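Have a look at the structure below, then the notes.
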Amino acid sequence: MKIPKRRKLSKEERMKVYEKCKGYCAYCGCALEYKDMQVDHVNPIRCGGEDDISNMLPACRSCNHYKSALKPEEFRKYLSGIPKRLMRDSIPFQVGERFGIVRIVTDDVTFYYEKIKNKNRNRED
Ligand SMILES: [Zn+2]
């Protein structure tokens with residue numbers, strides 16, 4: 001399958017993407033330096049997503065790597081499956097869980113950009 005070309009963003013466009021989450025990764029919410037930002041295509045180009053600023057979010061290297069060519073809901077599902085995978089595959093995790101050292105807090109994933117969108121919505125109410 002041919003991968004569609006991405007155009008190179010201008011400095012102004014990159015800054016617009018960076019400003020969307022005011023210096024945080026759109027997915028995990030970690031603090032993100034401009035120089036370390038990776039531009040994520042929310043709906044991957046491979047899946048027909050637009051190569052347009054409206055389809056771009058700032059991401060840390062790790063989130064961009066794990067999201068890869070997944071759509072947001074597929075990425076959420078992947079993340080939600082981490083506790084089950086750890087319980088199945090990681091003996092240190094299983095032992096730690098049995099001894100009460102580690103604990104699964106939730107498998108409910110809310111992306112940072114969704115949290116800040118909700119916060120702004122509440123402010124408008
Ligand atoms: Zn991240």
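Quick note on naming: the chains in the structure tokens go A, B, ... in the order shown, residues restart at 1 in each chain, and ligands are numbered from 1 in order of appearance.
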
Pick out the residues sitting within 10 Å of region 67-72 of chain A, and hand them over as an mmCIF file with N, CA and C atoms, in the first residue's frame; count only C-alpha atoms, and ignore anything fewer than 5 positions along from it in its own chain.
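The result, stored in selection_28.cif:
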```
data_model
loop_
_atom_site.group_PDB
_atom_site.id
_atom_site.type_symbol
_atom_site.label_atom_id
_atom_site.label_comp_id
_atom_site.auth_asym_id
_atom_site.auth_seq_id
_atom_site.Cartn_x
_atom_site.Cartn_y
_atom_site.Cartn_z
ATOM 1 N N TYR A 27 -2.205 13.623 24.239
ATOM 2 C CA TYR A 27 -2.723 12.315 24.653
ATOM 3 C C TYR A 27 -2.477 12.037 26.135
ATOM 4 N N ASP A 40 1.154 14.790 15.504
ATOM 5 C CA ASP A 40 0.353 13.593 15.264
ATOM 6 C C ASP A 40 -0.829 13.918 14.362
ATOM 7 N N HIS A 41 -1.073 13.034 13.407
ATOM 8 C CA HIS A 41 -2.302 13.143 12.613
ATOM 9 C C HIS A 41 -3.380 12.373 13.371
ATOM 10 N N VAL A 42 -4.362 13.079 13.914
ATOM 11 C CA VAL A 42 -5.396 12.476 14.758
ATOM 12 C C VAL A 42 -6.036 11.305 14.025
ATOM 13 N N ASN A 43 -6.595 11.575 12.879
ATOM 14 C CA ASN A 43 -7.050 10.499 12.005
ATOM 15 C C ASN A 43 -5.921 10.258 11.015
ATOM 16 N N PRO A 44 -5.280 9.101 11.128
ATOM 17 C CA PRO A 44 -4.079 8.846 10.327
ATOM 18 C C PRO A 44 -4.314 9.042 8.825
ATOM 19 N N ILE A 45 -3.300 9.563 8.168
ATOM 20 C CA ILE A 45 -3.385 9.792 6.726
ATOM 21 C C ILE A 45 -3.701 8.481 6.002
ATOM 22 N N ARG A 46 -3.106 7.397 6.496
ATOM 23 C CA ARG A 46 -3.352 6.067 5.912
ATOM 24 C C ARG A 46 -4.827 5.692 5.933
ATOM 25 N N CYS A 47 -5.561 6.229 6.923
ATOM 26 C CA CYS A 47 -6.995 5.908 7.047
ATOM 27 C C CYS A 47 -7.837 7.015 6.416
ATOM 28 N N GLY A 49 -7.249 10.319 6.759
ATOM 29 C CA GLY A 49 -7.209 11.574 7.513
ATOM 30 C C GLY A 49 -6.555 12.680 6.689
ATOM 31 N N ALA A 59 2.139 15.771 20.112
ATOM 32 C CA ALA A 59 2.291 14.513 20.855
ATOM 33 C C ALA A 59 3.731 14.337 21.300
ATOM 34 N N ARG A 61 6.981 11.864 22.055
ATOM 35 C CA ARG A 61 7.545 10.794 21.230
ATOM 36 C C ARG A 61 6.876 9.451 21.549
ATOM 37 N N SER A 62 6.678 9.188 22.832
ATOM 38 C CA SER A 62 6.124 7.905 23.245
ATOM 39 C C SER A 62 4.684 7.727 22.747
ATOM 40 N N LYS A 77 -8.462 2.015 22.918
ATOM 41 C CA LYS A 77 -8.687 0.592 23.166
ATOM 42 C C LYS A 77 -7.358 -0.110 23.468
ATOM 43 N N TYR A 78 -6.328 0.255 22.709
ATOM 44 C CA TYR A 78 -4.998 -0.324 22.929
ATOM 45 C C TYR A 78 -4.522 -0.017 24.358
ATOM 46 N N LEU A 79 -4.669 1.254 24.764
ATOM 47 C CA LEU A 79 -4.226 1.660 26.100
ATOM 48 C C LEU A 79 -5.052 0.974 27.190
ATOM 49 N N PHE A 111 -8.092 11.148 26.986
ATOM 50 C CA PHE A 111 -6.933 11.862 26.468
ATOM 51 C C PHE A 111 -6.900 13.285 27.017
#
```

Legend entry - Who sits within 12 Å of Glu19 (chain A), only C-alpha atoms, same chain under 5 positions skipped, as JSON, numbers by chain: {"A": [12, 13, 14, 24, 25, 26, 32, 33, 34, 37, 39, 53, 56, 57, 58, 59, 113]}

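Once Gly96 (chain A) and its same-chain neighbours fewer than 6 positions away are set aside, Leu86, Met87, Ser90, Val102, Arg103 and Ile104 of chain A remain within 12 Å of it when counting only C-alpha atoms.
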
Legend entry - Secondary structure check, strand (DSSP E or B) residues of chain A, as number ranges by chain: A: 24, 31, 38-41, 56-59

Inset, instruction - Considering only C-alpha atoms and all ligand atoms, state which residue in the set A:Asp36, A:Glu73, A:Glu97, A:Asp107 is at the smallest distance from ligand 1. - result: A:Asp36

Legend entry - Which residue of A:Met15, A:Leu9, A:Ala31, A:Cys60 approaches ligand 1 most closely, using only C-alpha atoms and all ligand atoms: A:Cys60

Inset, instruction - Point out the residue among A:Val105, A:Ile116, A:Val17, A:Cys28 with the least atom-to-atom distance to ligand 1, counting only C-alpha atoms and all ligand atoms. - result: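 Result for the nearest residue to ligand 1: A:Cys28.
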
Inset, instruction - Run DSSP on the backbone of this structure and report the residues of chain A it assigns to helix (DSSP H, G or I), as a ChimeraX atom specification. - result: /A:11-19,34-36,45-47,53-55,61-67,72-80,82-89,91-98,112-124

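Taking CA of Lys16 (chain A) and CA of Asp52 (chain A) as endpoints, the distance between them is 11.6 Å.
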
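Using only C-alpha atoms, the nearest neighbour of Lys8 (chain A) within the list A:Lys119, A:Tyr112, A:Cys21, A:Asp51 is A:Asp51.
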
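Among the candidate residues A:Ile101, A:Glu114, A:Thr106, A:Cys63, the one lying nearest to Pro83 (chain A) is A:Thr106, with distances computed using only C-alpha atoms.
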
Legend entry - Residue among A:Gly23, A:Pro92, A:Gly48, A:Gly81 lying closest to ligand 1, counting only C-alpha atoms and all ligand atoms: A:Gly23

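Note that the spacing between CA of Asn64 (chain A) and CA of Arg76 (chain A) amounts to 12.9 Å.
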